Amino acid sequence: MAQLIVSKFGGTSMGDAECMLRSAEVSFRQGSSLIAVSATSGTTNDLISLGKNAESQGWEEAEKIISKIQEKHIKIAKDLKISEASQKKLETLFEEMNSIAKGVHLLRDCSVKAMDTLMSLGERMSSVLFAEAMSQVLKKHVSTKTAELFDVRQVLRTDDSFGKAKPLTSEIAALCQKHLGFLRQGEKVVVTQGYIGMTEEGMTTTLGRGGSDYSAAILAEGVSADVLEIWTDVAGIATTDPRICPKAKPISEISFKEASELATFGAKVLHPATLLPAIRKNIPVFVGSSFDSQARGTWVRKDVKDLPLIRAMALRKKQILVTLSTPEMLHAHGFLFQIFKIFNDHKVSIDAITTSEISVSVTLDDSTLLNKKLIADLAQIADVQVEENLTLVSLIGNNINHTPGLGKIIFDAISDINVRMICLGASKHNFCFLVNEEQSTDAIRRLHETFIEAGTEEMA
Ligand code: ADP
Ligand code: ASP
Ligand code: MG
């Protein structure tokens with residue numbers, strides 16, 4: 001029986017008609033049955049700015065953004081010479097965009113709920129266009145298969161945490177069985193939206209920025225796919241972000257654990273949650289470039305042959321360091337519990353942590369500062385000190401916490417950069433530390449030179 005392949009194409013792979021046709025060719029060649037697409041590049045940002053402008057500026061500002069979004073999609077529609085039926089679908093989505101923006105403007109209120117529906121339009125528009133591109137490619141190759149547009153909200157059930165909704169795995173599995181059970185027959189190529197979902201009550205949600213990778217993984221789990229493919233603008237996962245370090249090397253194979261750490265600690269190539277569904281169902285994940293589909297790309301698997309000491313490195317910018325101190329912590333118990341309870345009550349997740357006898361330092365996303373109540377609640381039990389403009393630098397690999405001399409090599413490489421906090425020991429796959437934002441790319445470049453370009457991996 002043929003493999004069931006779920007593919008995802010990111011924003012740049014949807015950039016214009018040429019990109020869409022190229023991506024559709026990749027899908028055809030790979031034999032994908034279910035394709036989740038992102039909004040065309042830049043559109044989600046434009047929709048966010050539409051919501052914000054409609055809320056706080058004159059209507060003319062909103063109109064300008066609406067025109068920009070429409071023109072971009074009309075151009076692709078024209079270049080692809082889409083059918084009348086698809087044209088109508090696109091126009092209906094334009095009307096919806098206009099109405100929501102009007103509603104937001106009249107009420108002067110862009111709630112998270114309204115923002116989610118507004119943002120969902122990006123993927124809903126691009127999928128209409130991509131279904132056309134797919135259909136044309138299938139016809140060109142005289143395939144017996146047909147392309148079908150599918151509203152992912154029929155299956156991607158989520159909770160109601162608008163802006164970062166949580167997928168409900170068992171509901172999704174049942175809905176996939178019901179609505180997409182036909183995929184294995186191999187007669188259809190289904191094109192659907194990444195990033196978006198729906199609550200039980202029928203409200204549209206989104207999974208958080210960059211969430212299309214996660215959507216594709218959830219769908220792969222839901223339909224019990226054999227392979228998940230993530231097609232983007234780079235030829236797989238590299239030893240670091242090639243934009244920071246042009247000498248970054250492609251990684252041909254990486255374990256689920258290493259790739260999860262890499263994604264969690266800032267490698268944008270995969271949304272941090274992407275691998276969770278793949279790990280649950282042990283679905284191998286391929287990451288490749290839709291612009292160069294013949295390039296080797298990266299396989300992410302449970303077990304891999306080669307397990308180097310340092311595989312890759314990543315940056316996570318916009319971090320704050322919150323230090324909580326109180327003499328009451330001396331020889332006392334329960335303090336950490338109280339702190340974590342406050343973070344839990346505010347649904348704020350901590351990235352890295354260190355403690356001493358009377359203080360605890362945690363790193364958080366800088367958006368946390370908007371949560372004034374959290375800081376006030378922490379101040380009730382300890383002195384709170386906040387440091388901003390920090391970046392978490394992470395080295396990802398294997399056996400990191402059992403390798404003598406590793407710390408020396410790392411800190412020799414960046415000896416003139418102040419390290420504000422270090423996290424080592426909890427994971428054998430990760431060594432991370434905090435530095436000032438301005439010095440972070442320099443730190444990565446030097447560590448890359450030391451560990452990847454000069455090949456210090458033989459320490460392992
Ligand atoms: P898409 O729109 O296809 O989801 P993204 O922009 O979200 O694409 O992710 C791809 C980008 O991730 C690349 O262009 C690259 O700059 C960045 N990136 C960060 N870390 C890495 C890494 N280790 N390997 C490859 N790409 C990385
Ligand atoms: N379009 C969404 C975003 O820009 C989701 C994605 O591209 O993965 O965040
Ligand atoms: Mg992405």
# chains A, B, ... in the order shown; residues from 1 in each chain; ligands from 1

call {"tool": "closest_atom_pairs", "arguments": {"of": "chain A", "to": "ligand 1", "cutoff": "8 Å", "atoms": "only C-alpha atoms and all ligand atoms", "output": "JSON lines"}}
result
{"residue": "A:Phe9", "atom": "CA", "partner": "ligand 1", "partner_atom_place_in_ligand_line": "3 (O)", "distance": 6.1}
{"residue": "A:Gly10", "atom": "CA", "partner": "ligand 1", "partner_atom_place_in_ligand_line": "3 (O)", "distance": 3.3}
{"residue": "A:Gly11", "atom": "CA", "partner": "ligand 1", "partner_atom_place_in_ligand_line": "2 (O)", "distance": 4.1}
{"residue": "A:Thr12", "atom": "CA", "partner": "ligand 1", "partner_atom_place_in_ligand_line": "2 (O)", "distance": 5.4}
{"residue": "A:Ser13", "atom": "CA", "partner": "ligand 1", "partner_atom_place_in_ligand_line": "3 (O)", "distance": 6.5}
{"residue": "A:Ser38", "atom": "CA", "partner": "ligand 1", "partner_atom_place_in_ligand_line": "2 (O)", "distance": 7.1}
{"residue": "A:Ser41", "atom": "CA", "partner": "ligand 1", "partner_atom_place_in_ligand_line": "2 (O)", "distance": 7.0}
{"residue": "A:Gly210", "atom": "CA", "partner": "ligand 1", "partner_atom_place_in_ligand_line": "7 (O)", "distance": 5.8}
{"residue": "A:Ser212", "atom": "CA", "partner": "ligand 1", "partner_atom_place_in_ligand_line": "4 (O)", "distance": 7.1}
{"residue": "A:Asp213", "atom": "CA", "partner": "ligand 1", "partner_atom_place_in_ligand_line": "4 (O)", "distance": 6.8}
{"residue": "A:Ile230", "atom": "CA", "partner": "ligand 1", "partner_atom_place_in_ligand_line": "3 (O)", "distance": 7.7}
{"residue": "A:Trp231", "atom": "CA", "partner": "ligand 1", "partner_atom_place_in_ligand_line": "3 (O)", "distance": 6.3}
{"residue": "A:Thr232", "atom": "CA", "partner": "ligand 1", "partner_atom_place_in_ligand_line": "3 (O)", "distance": 3.6}
{"residue": "A:Asp233", "atom": "CA", "partner": "ligand 1", "partner_atom_place_in_ligand_line": "14 (O)", "distance": 5.4}
{"residue": "A:Val234", "atom": "CA", "partner": "ligand 1", "partner_atom_place_in_ligand_line": "13 (C)", "distance": 5.6}
{"residue": "A:Ala235", "atom": "CA", "partner": "ligand 1", "partner_atom_place_in_ligand_line": "25 (C)", "distance": 7.4}
{"residue": "A:Gly236", "atom": "CA", "partner": "ligand 1", "partner_atom_place_in_ligand_line": "25 (C)", "distance": 5.9}
{"residue": "A:Ile237", "atom": "CA", "partner": "ligand 1", "partner_atom_place_in_ligand_line": "24 (N)", "distance": 3.7}
{"residue": "A:Ala238", "atom": "CA", "partner": "ligand 1", "partner_atom_place_in_ligand_line": "24 (N)", "distance": 3.7}
{"residue": "A:Thr239", "atom": "CA", "partner": "ligand 1", "partner_atom_place_in_ligand_line": "23 (N)", "distance": 5.3}
{"residue": "A:Thr240", "atom": "CA", "partner": "ligand 1", "partner_atom_place_in_ligand_line": "23 (N)", "distance": 3.9}
{"residue": "A:Asp241", "atom": "CA", "partner": "ligand 1", "partner_atom_place_in_ligand_line": "20 (N)", "distance": 3.6}
{"residue": "A:Pro242", "atom": "CA", "partner": "ligand 1", "partner_atom_place_in_ligand_line": "16 (O)", "distance": 5.8}
{"residue": "A:Arg243", "atom": "CA", "partner": "ligand 1", "partner_atom_place_in_ligand_line": "16 (O)", "distance": 5.1}
{"residue": "A:Ile244", "atom": "CA", "partner": "ligand 1", "partner_atom_place_in_ligand_line": "16 (O)", "distance": 7.8}
{"residue": "A:Ala248", "atom": "CA", "partner": "ligand 1", "partner_atom_place_in_ligand_line": "24 (N)", "distance": 7.9}
{"residue": "A:Pro250", "atom": "CA", "partner": "ligand 1", "partner_atom_place_in_ligand_line": "24 (N)", "distance": 7.4}
{"residue": "A:Leu262", "atom": "CA", "partner": "ligand 1", "partner_atom_place_in_ligand_line": "23 (N)", "distance": 7.2}
{"residue": "A:Gly266", "atom": "CA", "partner": "ligand 1", "partner_atom_place_in_ligand_line": "20 (N)", "distance": 7.0}
{"residue": "A:Ala267", "atom": "CA", "partner": "ligand 1", "partner_atom_place_in_ligand_line": "20 (N)", "distance": 3.7}
{"residue": "A:Lys268", "atom": "CA", "partner": "ligand 1", "partner_atom_place_in_ligand_line": "12 (O)", "distance": 4.3}
{"residue": "A:Val269", "atom": "CA", "partner": "ligand 1", "partner_atom_place_in_ligand_line": "12 (O)", "distance": 3.5}
{"residue": "A:Leu270", "atom": "CA", "partner": "ligand 1", "partner_atom_place_in_ligand_line": "9 (O)", "distance": 6.5}
{"residue": "A:His271", "atom": "CA", "partner": "ligand 1", "partner_atom_place_in_ligand_line": "7 (O)", "distance": 7.4}
{"residue": "A:Ala312", "atom": "CA", "partner": "ligand 1", "partner_atom_place_in_ligand_line": "23 (N)", "distance": 6.8}
{"residue": "A:Met313", "atom": "CA", "partner": "ligand 1", "partner_atom_place_in_ligand_line": "23 (N)", "distance": 7.0}
{"residue": "A:Ala314", "atom": "CA", "partner": "ligand 1", "partner_atom_place_in_ligand_line": "20 (N)", "distance": 6.5}

call {"tool": "write_last_selection", "arguments": {"atoms": "N, CA, C and O atoms", "output": "CSV table (one decimal), in the first residue's frame"}}
result
chain,number,residue,atom,x,y,z
A,9,PHE,N,3.5,23.4,3.6
A,9,PHE,CA,4.3,24.4,2.8
A,9,PHE,C,4.2,25.7,3.6
A,9,PHE,O,3.1,26.2,3.9
A,10,GLY,N,5.3,26.4,3.9
A,10,GLY,CA,5.3,27.6,4.6
A,10,GLY,C,5.1,28.8,3.7
A,10,GLY,O,4.9,28.7,2.5
A,11,GLY,N,5.0,30.0,4.4
A,11,GLY,CA,4.7,31.2,3.7
A,11,GLY,C,5.5,31.5,2.5
A,11,GLY,O,4.9,31.9,1.4
A,12,THR,N,6.8,31.4,2.5
A,12,THR,CA,7.6,31.7,1.3
A,12,THR,C,7.3,30.7,0.2
A,12,THR,O,7.4,31.1,-1.0
A,13,SER,N,7.0,29.5,0.6
A,13,SER,CA,6.6,28.5,-0.5
A,13,SER,C,5.3,28.8,-1.1
A,13,SER,O,4.9,28.2,-2.1
A,38,SER,N,0.5,27.5,4.7
A,38,SER,CA,0.5,28.7,5.5
A,38,SER,C,-0.1,29.8,4.6
A,38,SER,O,-0.3,29.7,3.4
A,41,SER,N,3.4,34.7,2.1
A,41,SER,CA,4.4,35.3,3.1
A,41,SER,C,4.0,36.8,3.4
A,41,SER,O,3.7,37.6,2.5
A,210,GLY,N,3.6,30.9,13.6
A,210,GLY,CA,4.4,29.8,13.1
A,210,GLY,C,3.8,28.4,13.2
A,210,GLY,O,4.4,27.4,13.0
A,212,SER,N,1.7,26.6,11.6
A,212,SER,CA,1.3,25.7,10.5
A,212,SER,C,2.1,24.3,10.6
A,212,SER,O,1.6,23.3,10.2
A,213,ASP,N,3.3,24.4,11.0
A,213,ASP,CA,4.1,23.2,11.2
A,213,ASP,C,3.4,22.3,12.2
A,213,ASP,O,3.2,21.1,12.0
A,230,ILE,N,7.9,18.8,6.0
A,230,ILE,CA,7.8,20.2,6.2
A,230,ILE,C,8.6,20.9,5.1
A,230,ILE,O,9.9,20.8,5.1
A,231,TRP,N,8.0,21.6,4.2
A,231,TRP,CA,8.7,22.2,3.1
A,231,TRP,C,8.8,23.7,3.4
A,231,TRP,O,7.8,24.4,3.7
A,232,THR,N,10.0,24.2,3.4
A,232,THR,CA,10.2,25.6,3.7
A,232,THR,C,11.2,26.3,2.8
A,232,THR,O,11.3,25.9,1.6
A,233,ASP,N,11.9,27.4,3.2
A,233,ASP,CA,12.8,28.1,2.3
A,233,ASP,C,14.3,27.7,2.5
A,233,ASP,O,15.1,28.4,2.0
A,234,VAL,N,14.6,26.7,3.4
A,234,VAL,CA,15.9,26.3,3.5
A,234,VAL,C,16.0,24.8,3.4
A,234,VAL,O,15.0,24.1,3.6
A,235,ALA,N,17.1,24.3,2.9
A,235,ALA,CA,17.2,22.8,2.6
A,235,ALA,C,17.4,22.0,3.9
A,235,ALA,O,18.4,21.3,4.0
A,236,GLY,N,16.4,22.1,4.8
A,236,GLY,CA,16.5,21.3,6.0
A,236,GLY,C,16.9,22.0,7.2
A,236,GLY,O,17.2,23.2,7.2
A,237,ILE,N,17.1,21.3,8.3
A,237,ILE,CA,17.6,21.9,9.5
A,237,ILE,C,19.1,21.9,9.4
A,237,ILE,O,19.8,21.0,9.0
A,238,ALA,N,19.7,23.1,9.8
A,238,ALA,CA,21.1,23.3,9.7
A,238,ALA,C,21.7,23.4,11.1
A,238,ALA,O,21.0,23.5,12.1
A,239,THR,N,23.0,23.4,11.2
A,239,THR,CA,23.7,23.5,12.5
A,239,THR,C,23.5,24.8,13.2
A,239,THR,O,23.6,24.8,14.4
A,240,THR,N,23.0,25.8,12.5
A,240,THR,CA,22.4,27.0,13.2
A,240,THR,C,21.7,27.8,12.1
A,240,THR,O,21.7,27.3,10.9
A,241,ASP,N,21.0,28.9,12.5
A,241,ASP,CA,20.3,29.6,11.5
A,241,ASP,C,21.2,30.1,10.4
A,241,ASP,O,22.1,30.9,10.7
A,242,PRO,N,21.1,29.7,9.1
A,242,PRO,CA,22.0,30.2,8.1
A,242,PRO,C,22.0,31.7,7.9
A,242,PRO,O,22.9,32.2,7.4
A,243,ARG,N,20.9,32.3,8.4
A,243,ARG,CA,20.9,33.8,8.3
A,243,ARG,C,21.9,34.4,9.2
A,243,ARG,O,22.4,35.5,9.0
A,244,ILE,N,22.2,33.7,10.3
A,244,ILE,CA,23.1,34.3,11.3
A,244,ILE,C,24.5,33.8,10.9
A,244,ILE,O,25.5,34.6,11.0
A,248,ALA,N,26.7,27.7,8.2
A,248,ALA,CA,25.9,26.7,8.8
A,248,ALA,C,25.8,25.5,7.9
A,248,ALA,O,25.6,25.6,6.6
A,250,PRO,N,24.1,21.8,6.6
A,250,PRO,CA,22.9,21.0,6.7
A,250,PRO,C,23.0,19.8,7.5
A,250,PRO,O,24.1,19.2,7.5
A,262,LEU,N,16.0,22.0,19.8
A,262,LEU,CA,16.4,23.0,18.9
A,262,LEU,C,15.2,23.9,18.6
A,262,LEU,O,15.4,25.2,18.7
A,266,GLY,N,14.5,28.1,20.0
A,266,GLY,CA,14.6,29.2,19.1
A,266,GLY,C,14.8,29.0,17.6
A,266,GLY,O,14.7,29.9,16.8
A,267,ALA,N,15.1,27.7,17.2
A,267,ALA,CA,15.3,27.5,15.7
A,267,ALA,C,13.9,27.6,15.0
A,267,ALA,O,13.1,26.7,15.1
A,268,LYS,N,13.7,28.7,14.3
A,268,LYS,CA,12.4,29.0,13.8
A,268,LYS,C,11.9,28.0,12.7
A,268,LYS,O,10.8,27.9,12.3
A,269,VAL,N,12.9,27.2,12.2
A,269,VAL,CA,12.6,26.3,11.1
A,269,VAL,C,11.5,25.3,11.5
A,269,VAL,O,10.7,24.9,10.6
A,270,LEU,N,11.3,25.0,12.8
A,270,LEU,CA,10.2,24.2,13.2
A,270,LEU,C,9.5,24.9,14.4
A,270,LEU,O,10.2,25.4,15.3
A,271,HIS,N,8.2,24.9,14.4
A,271,HIS,CA,7.4,25.5,15.5
A,271,HIS,C,7.7,24.5,16.7
A,271,HIS,O,7.8,23.3,16.5
A,312,ALA,N,24.0,21.2,17.0
A,312,ALA,CA,23.5,22.5,16.5
A,312,ALA,C,23.4,23.5,17.6
A,312,ALA,O,23.6,23.2,18.8
A,313,MET,N,23.2,24.7,17.2
A,313,MET,CA,23.0,25.8,18.2
A,313,MET,C,21.9,26.8,17.8
A,313,MET,O,21.6,26.9,16.6
A,314,ALA,N,21.3,27.4,18.8
A,314,ALA,CA,20.1,28.3,18.5
A,314,ALA,C,20.1,29.5,19.4
A,314,ALA,O,20.7,29.5,20.5

call {"tool": "closest_atom_pairs", "arguments": {"of": "segment 276-305 of chain A", "to": "segment 166-171 of chain A", "cutoff": "12 Å", "atoms": "only C-alpha atoms", "output": "Markdown table"}}
result
| residue | atom | partner | partner_atom | distance |
| --- | --- | --- | --- | --- |
| A:Leu276 | CA | A:Thr169 | CA | 11.1 |
| A:Pro277 | CA | A:Thr169 | CA | 8.8 |
| A:Arg280 | CA | A:Thr169 | CA | 10.7 |
| A:Lys281 | CA | A:Thr169 | CA | 11.7 |

call {"tool": "residues_around", "arguments": {"residues": "Ala85 of chain A", "least_positions_apart": "2", "cutoff": "12 Å", "atoms": "only C-alpha atoms", "output": "compact mmCIF listing (two decimals) with all heavy atoms, in the first residue's frame"}}
result
# COMPACT_ATOMS: atom_id res chain seq x y z
N ALA A 77 -4.12 34.97 -8.13
CA ALA A 77 -5.30 34.35 -8.77
C ALA A 77 -5.24 34.54 -10.28
O ALA A 77 -5.50 33.62 -11.05
CB ALA A 77 -6.58 34.96 -8.19
N LYS A 81 -4.69 31.86 -13.21
CA LYS A 81 -5.94 31.76 -13.99
C LYS A 81 -6.92 30.82 -13.28
O LYS A 81 -7.32 29.78 -13.81
CB LYS A 81 -5.66 31.25 -15.41
CG LYS A 81 -4.73 32.15 -16.20
CD LYS A 81 -4.71 31.72 -17.67
CE LYS A 81 -3.74 32.53 -18.49
NZ LYS A 81 -2.33 32.24 -18.23
N ILE A 82 -7.30 31.18 -12.08
CA ILE A 82 -8.13 30.28 -11.26
C ILE A 82 -9.56 30.21 -11.80
O ILE A 82 -10.04 31.11 -12.49
CB ILE A 82 -8.13 30.67 -9.76
CG1 ILE A 82 -8.84 32.00 -9.50
CG2 ILE A 82 -6.72 30.71 -9.21
CD1 ILE A 82 -9.06 32.27 -8.01
N SER A 83 -10.26 29.15 -11.44
CA SER A 83 -11.63 28.92 -11.91
C SER A 83 -12.58 29.95 -11.30
O SER A 83 -12.26 30.59 -10.30
CB SER A 83 -12.08 27.53 -11.49
OG SER A 83 -12.15 27.50 -10.07
N GLN A 87 -12.63 31.79 -7.66
CA GLN A 87 -12.70 33.25 -7.63
C GLN A 87 -13.77 33.71 -6.64
O GLN A 87 -13.56 34.61 -5.83
CB GLN A 87 -13.06 33.71 -9.06
CG GLN A 87 -13.00 35.20 -9.30
CD GLN A 87 -11.56 35.69 -9.29
OE1 GLN A 87 -10.70 35.07 -9.90
NE2 GLN A 87 -11.33 36.78 -8.59
N LYS A 88 -14.92 33.02 -6.70
CA LYS A 88 -16.04 33.37 -5.80
C LYS A 88 -15.63 33.14 -4.34
O LYS A 88 -15.94 33.96 -3.46
CB LYS A 88 -17.26 32.50 -6.11
CG LYS A 88 -18.03 32.94 -7.32
CD LYS A 88 -19.55 32.83 -7.06
CE LYS A 88 -20.33 33.49 -8.18
NZ LYS A 88 -20.32 32.69 -9.42
N LYS A 89 -14.95 32.02 -4.10
CA LYS A 89 -14.53 31.71 -2.72
C LYS A 89 -13.62 32.82 -2.19
O LYS A 89 -13.74 33.26 -1.05
CB LYS A 89 -13.76 30.38 -2.67
CG LYS A 89 -14.67 29.17 -2.77
CD LYS A 89 -13.86 27.89 -2.67
CE LYS A 89 -14.68 26.73 -3.19
NZ LYS A 89 -13.93 25.59 -3.62
N LEU A 90 -12.72 33.26 -3.06
CA LEU A 90 -11.77 34.30 -2.66
C LEU A 90 -12.51 35.60 -2.35
O LEU A 90 -12.25 36.25 -1.34
CB LEU A 90 -10.77 34.51 -3.81
CG LEU A 90 -9.40 35.03 -3.47
CD1 LEU A 90 -8.73 34.18 -2.41
CD2 LEU A 90 -8.52 35.06 -4.73
N GLU A 91 -13.50 35.92 -3.22
CA GLU A 91 -14.25 37.16 -2.99
C GLU A 91 -15.02 37.11 -1.67
O GLU A 91 -15.10 38.09 -0.94
CB GLU A 91 -15.20 37.42 -4.16
CG GLU A 91 -14.48 38.17 -5.28
CD GLU A 91 -15.14 38.01 -6.63
OE1 GLU A 91 -16.35 37.67 -6.66
OE2 GLU A 91 -14.43 38.19 -7.64
N THR A 92 -15.58 35.93 -1.36
CA THR A 92 -16.31 35.79 -0.09
C THR A 92 -15.36 36.03 1.08
O THR A 92 -15.72 36.66 2.07
CB THR A 92 -16.90 34.35 0.01
OG1 THR A 92 -17.62 34.10 -1.18
CG2 THR A 92 -17.81 34.20 1.21
N VAL A 128 -7.17 28.38 -0.96
CA VAL A 128 -8.02 28.41 -2.17
C VAL A 128 -7.10 28.44 -3.40
O VAL A 128 -7.28 27.70 -4.36
CB VAL A 128 -8.95 29.65 -2.16
CG1 VAL A 128 -9.63 29.83 -3.50
CG2 VAL A 128 -9.96 29.57 -1.03
N LEU A 129 -6.08 29.30 -3.32
CA LEU A 129 -5.17 29.45 -4.46
C LEU A 129 -4.32 28.19 -4.65
O LEU A 129 -4.10 27.73 -5.78
CB LEU A 129 -4.26 30.67 -4.24
CG LEU A 129 -5.00 32.01 -4.20
CD1 LEU A 129 -4.08 33.12 -3.70
CD2 LEU A 129 -5.56 32.36 -5.57
N ALA A 131 -5.04 25.13 -3.84
CA ALA A 131 -5.85 24.00 -4.36
C ALA A 131 -5.93 24.11 -5.88
O ALA A 131 -5.88 23.10 -6.61
CB ALA A 131 -7.24 24.03 -3.74
N GLU A 132 -6.00 25.35 -6.40
CA GLU A 132 -6.01 25.56 -7.85
C GLU A 132 -4.67 25.13 -8.46
O GLU A 132 -4.62 24.45 -9.48
CB GLU A 132 -6.24 27.04 -8.17
CG GLU A 132 -7.68 27.45 -8.08
CD GLU A 132 -8.49 27.05 -9.31
OE1 GLU A 132 -7.89 26.83 -10.38
OE2 GLU A 132 -9.73 26.97 -9.20
N LEU A 149 -10.30 21.14 -1.89
CA LEU A 149 -10.08 22.08 -0.80
C LEU A 149 -10.89 21.62 0.41
O LEU A 149 -12.05 21.25 0.28
CB LEU A 149 -10.54 23.48 -1.24
CG LEU A 149 -10.39 24.60 -0.22
CD1 LEU A 149 -8.92 24.88 0.08
CD2 LEU A 149 -11.05 25.89 -0.75

call {"tool": "closest_atom_pairs", "arguments": {"of": "chain A", "to": "ligand 2", "cutoff": "10 Å", "atoms": "only C-alpha atoms and all ligand atoms", "output": "JSON lines"}}
result
{"residue": "A:Lys8", "atom": "CA", "partner": "ligand 2", "partner_atom_place_in_ligand_line": "8 (O)", "distance": 9.2}
{"residue": "A:Phe9", "atom": "CA", "partner": "ligand 2", "partner_atom_place_in_ligand_line": "7 (O)", "distance": 8.6}
{"residue": "A:Gly10", "atom": "CA", "partner": "ligand 2", "partner_atom_place_in_ligand_line": "7 (O)", "distance": 5.6}
{"residue": "A:Gly11", "atom": "CA", "partner": "ligand 2", "partner_atom_place_in_ligand_line": "7 (O)", "distance": 5.5}
{"residue": "A:Thr12", "atom": "CA", "partner": "ligand 2", "partner_atom_place_in_ligand_line": "7 (O)", "distance": 8.9}
{"residue": "A:Met14", "atom": "CA", "partner": "ligand 2", "partner_atom_place_in_ligand_line": "7 (O)", "distance": 9.9}
{"residue": "A:Ala36", "atom": "CA", "partner": "ligand 2", "partner_atom_place_in_ligand_line": "8 (O)", "distance": 9.8}
{"residue": "A:Val37", "atom": "CA", "partner": "ligand 2", "partner_atom_place_in_ligand_line": "7 (O)", "distance": 8.0}
{"residue": "A:Ser38", "atom": "CA", "partner": "ligand 2", "partner_atom_place_in_ligand_line": "7 (O)", "distance": 4.6}
{"residue": "A:Ala39", "atom": "CA", "partner": "ligand 2", "partner_atom_place_in_ligand_line": "1 (N)", "distance": 4.7}
{"residue": "A:Thr40", "atom": "CA", "partner": "ligand 2", "partner_atom_place_in_ligand_line": "1 (N)", "distance": 7.5}
{"residue": "A:Ser41", "atom": "CA", "partner": "ligand 2", "partner_atom_place_in_ligand_line": "4 (O)", "distance": 7.3}
{"residue": "A:Gly42", "atom": "CA", "partner": "ligand 2", "partner_atom_place_in_ligand_line": "4 (O)", "distance": 7.0}
{"residue": "A:Thr43", "atom": "CA", "partner": "ligand 2", "partner_atom_place_in_ligand_line": "1 (N)", "distance": 7.2}
{"residue": "A:Thr44", "atom": "CA", "partner": "ligand 2", "partner_atom_place_in_ligand_line": "4 (O)", "distance": 4.9}
{"residue": "A:Asn45", "atom": "CA", "partner": "ligand 2", "partner_atom_place_in_ligand_line": "4 (O)", "distance": 6.7}
{"residue": "A:Asp46", "atom": "CA", "partner": "ligand 2", "partner_atom_place_in_ligand_line": "4 (O)", "distance": 9.7}
{"residue": "A:Leu47", "atom": "CA", "partner": "ligand 2", "partner_atom_place_in_ligand_line": "4 (O)", "distance": 9.8}
{"residue": "A:Ile48", "atom": "CA", "partner": "ligand 2", "partner_atom_place_in_ligand_line": "4 (O)", "distance": 9.9}
{"residue": "A:Met119", "atom": "CA", "partner": "ligand 2", "partner_atom_place_in_ligand_line": "1 (N)", "distance": 7.8}
{"residue": "A:Ser120", "atom": "CA", "partner": "ligand 2", "partner_atom_place_in_ligand_line": "1 (N)", "distance": 8.2}
{"residue": "A:Leu121", "atom": "CA", "partner": "ligand 2", "partner_atom_place_in_ligand_line": "1 (N)", "distance": 9.5}
{"residue": "A:Gly122", "atom": "CA", "partner": "ligand 2", "partner_atom_place_in_ligand_line": "1 (N)", "distance": 6.6}
{"residue": "A:Glu123", "atom": "CA", "partner": "ligand 2", "partner_atom_place_in_ligand_line": "1 (N)", "distance": 6.5}
{"residue": "A:Ser126", "atom": "CA", "partner": "ligand 2", "partner_atom_place_in_ligand_line": "1 (N)", "distance": 9.8}
{"residue": "A:Gln193", "atom": "CA", "partner": "ligand 2", "partner_atom_place_in_ligand_line": "5 (C)", "distance": 9.4}
{"residue": "A:Gly194", "atom": "CA", "partner": "ligand 2", "partner_atom_place_in_ligand_line": "5 (C)", "distance": 6.7}
{"residue": "A:Tyr195", "atom": "CA", "partner": "ligand 2", "partner_atom_place_in_ligand_line": "5 (C)", "distance": 5.0}
{"residue": "A:Ile196", "atom": "CA", "partner": "ligand 2", "partner_atom_place_in_ligand_line": "5 (C)", "distance": 8.3}
{"residue": "A:Thr206", "atom": "CA", "partner": "ligand 2", "partner_atom_place_in_ligand_line": "5 (C)", "distance": 8.4}
{"residue": "A:Leu207", "atom": "CA", "partner": "ligand 2", "partner_atom_place_in_ligand_line": "5 (C)", "distance": 8.1}
{"residue": "A:Gly208", "atom": "CA", "partner": "ligand 2", "partner_atom_place_in_ligand_line": "9 (O)", "distance": 6.6}
{"residue": "A:Arg209", "atom": "CA", "partner": "ligand 2", "partner_atom_place_in_ligand_line": "9 (O)", "distance": 3.4}
{"residue": "A:Gly210", "atom": "CA", "partner": "ligand 2", "partner_atom_place_in_ligand_line": "8 (O)", "distance": 3.3}
{"residue": "A:Gly211", "atom": "CA", "partner": "ligand 2", "partner_atom_place_in_ligand_line": "8 (O)", "distance": 4.3}
{"residue": "A:Ser212", "atom": "CA", "partner": "ligand 2", "partner_atom_place_in_ligand_line": "8 (O)", "distance": 3.7}
{"residue": "A:Asp213", "atom": "CA", "partner": "ligand 2", "partner_atom_place_in_ligand_line": "8 (O)", "distance": 5.9}
{"residue": "A:Tyr214", "atom": "CA", "partner": "ligand 2", "partner_atom_place_in_ligand_line": "8 (O)", "distance": 7.9}
{"residue": "A:Ser215", "atom": "CA", "partner": "ligand 2", "partner_atom_place_in_ligand_line": "8 (O)", "distance": 8.4}
{"residue": "A:Ala216", "atom": "CA", "partner": "ligand 2", "partner_atom_place_in_ligand_line": "8 (O)", "distance": 9.7}
{"residue": "A:Lys268", "atom": "CA", "partner": "ligand 2", "partner_atom_place_in_ligand_line": "8 (O)", "distance": 9.9}
{"residue": "A:Val269", "atom": "CA", "partner": "ligand 2", "partner_atom_place_in_ligand_line": "8 (O)", "distance": 9.9}
{"residue": "A:Leu270", "atom": "CA", "partner": "ligand 2", "partner_atom_place_in_ligand_line": "8 (O)", "distance": 9.0}
{"residue": "A:His271", "atom": "CA", "partner": "ligand 2", "partner_atom_place_in_ligand_line": "8 (O)", "distance": 7.6}

call {"tool": "residues_around", "arguments": {"residues": "segment 257-260 of chain A", "least_positions_apart": "4", "cutoff": "10 Å", "atoms": "only C-alpha atoms", "output": "ChimeraX atom specification"}}
result
/A:237,253,264-265,267,270-276,279,300-303,307,310-312,396-398,428-430

call {"tool": "atom_distance", "arguments": {"atom1": "atom CA of Leu424 of chain A", "atom2": "atom CA of Thr403 of chain A"}}
result
11.4 Å
